[in-house]
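Asker: Below is a structure I'd like to ask you about.
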Amino acid sequence: MNAKLDSTVTARPVTRETFDQVLVPTYAPAAMVPVRGSGLDLWDQSGKHYLDFTSGIAVNSLGHCHPALVDVLTKQINNLWHLGNGYTNEPVLRLALALTEATFADRAFFCNSGAEANEAALKLARKYAHTKFGAHKSRIISCFSSFHGRTLFTVSVGGQAKYTEGFEPLPPSIDHIAYNDIEAARAAIGDDVCAVIVEPVQGEGGVVPGNPEFLKELRALCDKTGALLIFDEVQSGMGRTGALFAYMGYGVTPDILTAAKALGNGYPIGAMLTTNELAQTLAVGTHGTTYGGNPLAATVALTVLETINTPAFLARVKEASVNTIAMLQGLITDYPQVFSVVRGSGLLLGLVVTDAFKGRAKDIQKAAEAQGLMVLIAGMDVVRLAPALIVSDEQIAEAGRLLRVAIDGMLKA
């Protein structure tokens, strides 16, 4: 029986406990609930201030409530919200033109998330191989410890058993190799492979950059076997490494590239970029999505792209990376019992813990949060930092200070 909505429901106070009462428990969020943000600053329900070095897991690359994004979204809200995919719209056409002119790609497909972008990329690769070579060319090669999304297809392609256990049977013809292992790649990539998908920088897998030789060998093996090379740049793209996309810094051009996260700075949007030849494989009716290319999302994404893709902005990302790495190296020097090495690229950085602190990255994250600093983890042995790309030198120094206070407290406990 349907009851009338209680008119008091939307006025009731909500807290962290409300999550446990009404949401599916797929997450275990922090005890505090953020309510307001500006740049890298956040405030929770109690008014406590936090310095955000997560940017929503590398999403809010221009920070919270960036004025230019607020302005263009407000204007678009008053013009046009949504159209079915029987129509196109001006914002998505402008965004597609800008992305194709800025990259190797000729064509763009828009969706709502990184998982959807990777789903589209993998479907395109299989469809292309089936059409050109036959049904036998269907195997997909990915890397262990990778992350490509949470659909059944993409989570199976990601090489982490913890995300697939209990969801069997999994999609077939998917094999995994060790990241940065050239010999493993040579052994695995044969004539029956339709696609090789790789993150230029593994994010959740521990913030591990791809070796240039490894990525170049993947390109060569794909050329040799007729497989398509897919770069998952959902986390590494949109200026995060100091280039618009990480492939540009490696000098290795993929056949298909996926983007999301920072593309919309918090407004959901994903993109699959590819060439004219490959794009023809997905003819009318072969793939689609209801909200992909939404005028609101496309408007925000275009302004994000225009803001990030300038020489001055990207040069500042590289400068901020140098300063952040120096700050983290200082922590390693002063706390050798806790931290061992810094790795990553640009402003996607991982601080690896020592054997003595193995499995305690989450404890460090919680201790930092208690001091007003928000950081991420990448597995249980790496503290991950992915601040907004607009981070200042003063904020970098403050993050270092807060981390020191947090570690001092842990060591005294």
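By convention here, the chains of the structure tokens are called A, B, ... in the order presented, each chain's residues are numbered starting at 1, and ligands are numbered starting at 1 in the order presented.
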Considering only C-alpha atoms, return as a PDB file with C-alpha atoms, in the first residue's frame whatever protein or nucleic-acid residues lie within 12 Å of A:Thr15, sequence-local ones (same chain, fewer than 3 positions apart) excluded.
Answerer:
```pdb
ATOM      1  CA  ARG A  12      13.839  16.239   9.557  1.00  0.00           C
ATOM      2  CA  THR A  18      20.778   8.365   8.648  1.00  0.00           C
ATOM      3  CA  PHE A  19      23.108   6.701   6.135  1.00  0.00           C
ATOM      4  CA  ASP A  20      23.021   3.478   8.145  1.00  0.00           C
ATOM      5  CA  GLN A  21      19.229   3.623   8.314  1.00  0.00           C
ATOM      6  CA  VAL A  22      18.221   4.272   4.706  1.00  0.00           C
ATOM      7  CA  PRO A  29      31.594   6.950   4.926  1.00  0.00           C
ATOM      8  CA  ALA A  30      33.366   9.096   7.483  1.00  0.00           C
ATOM      9  CA  ALA A  31      31.598  10.173  10.649  1.00  0.00           C
ATOM     10  CA  MET A  32      31.458  13.806   9.579  1.00  0.00           C
ATOM     11  CA  VAL A  33      29.062  15.081   6.890  1.00  0.00           C
ATOM     12  CA  PRO A  34      30.362  17.918   4.658  1.00  0.00           C
ATOM     13  CA  VAL A  35      27.785  20.602   3.919  1.00  0.00           C
ATOM     14  CA  ASP A  44      30.952  19.832   8.056  1.00  0.00           C
ATOM     15  CA  GLN A  45      27.605  19.974   9.870  1.00  0.00           C
ATOM     16  CA  SER A  46      29.270  21.173  13.048  1.00  0.00           C
TER      17      SER A  46
END
```
Asker: List every residue of stretch 82-302 of chain A that DSSP, applied to the backbone, labels as alpha helix (DSSP H), and write the result as a PyMOL selection string.
Answerer: chain A and resi 90-102+114-132+152-157+182-188+212-225+246-250+276-279+295-302
Asker: Can you write out as a Markdown table which residues of stretch 73-135 of chain A fall within 7 Å of stretch 286-304 of chain A, alongside each residue's closest atom pair and its distance in Å to one decimal, counting only C-alpha atoms and ordering rows by chain and ascending residue number?
Answerer:
```
| residue | atom | partner | partner_atom | distance |
| --- | --- | --- | --- | --- |
| A:Leu73 | CA | A:Val300 | CA | 6.2 |
| A:Gln76 | CA | A:Leu296 | CA | 6.2 |
| A:Ile77 | CA | A:Leu296 | CA | 6.9 |
| A:Leu80 | CA | A:Pro295 | CA | 6.8 |
| A:Trp81 | CA | A:Leu296 | CA | 6.0 |
| A:His82 | CA | A:Asn294 | CA | 5.7 |
| A:Gly84 | CA | A:Thr290 | CA | 6.7 |
| A:Asn85 | CA | A:Thr290 | CA | 6.8 |
| A:Asn89 | CA | A:Pro295 | CA | 6.6 |
| A:Pro91 | CA | A:Thr299 | CA | 5.4 |
| A:Val92 | CA | A:Ala298 | CA | 5.1 |
| A:Leu95 | CA | A:Leu302 | CA | 5.2 |
| A:Phe110 | CA | A:Gly292 | CA | 4.8 |
| A:Cys111 | CA | A:Gly292 | CA | 3.8 |
| A:Asn112 | CA | A:Gly292 | CA | 5.8 |
```
Asker: Leaving out stretch 173-181 of chain A and any residue of its chain fewer than 4 positions from it, which residues lie within 8 Å of it when counting only C-alpha atoms, given as a PyMOL selection string?
Answerer: chain A and resi 138-145+156-157+159+185+188+210-211+214-215
Asker: Per residue of stretch 160-203 of chain A within 12 Å of stretch 253-277 of chain A, record the nearest atom pair and its distance in Å to one decimal, counting only C-alpha atoms, with rows in chain order and ascending residue number, as CSV.
Answerer:
```
residue,atom,partner,partner_atom,distance
A:Cys194,CA,A:Asp255,CA,11.8
A:Ala195,CA,A:Asp255,CA,9.7
A:Val196,CA,A:Pro254,CA,9.9
A:Ile197,CA,A:Ile256,CA,9.2
A:Val198,CA,A:Pro254,CA,9.9
A:Glu199,CA,A:Thr258,CA,9.9
A:Pro200,CA,A:Pro254,CA,10.6
```
Asker: What does the distance from atom CA of A:Ala378 to atom CA of A:Ala187 come to in Å, to one decimal?
Answerer: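 Computing it gives 28.5 Å between the two atoms.
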Asker: Hey, can you check how far atom CA of A:Pro25 sits from atom CA of A:Pro387?
Answerer: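 Atom CA of A:Pro387 lies at a distance of 26.7 Å from atom CA of A:Pro25.
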Asker: One number please: atom CA of A:Tyr247 to atom CA of A:Pro171, in Å, one decimal.
Answerer: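 Spanning atom CA of A:Tyr247 to atom CA of A:Pro171 is a straight-line distance of 28.3 Å.
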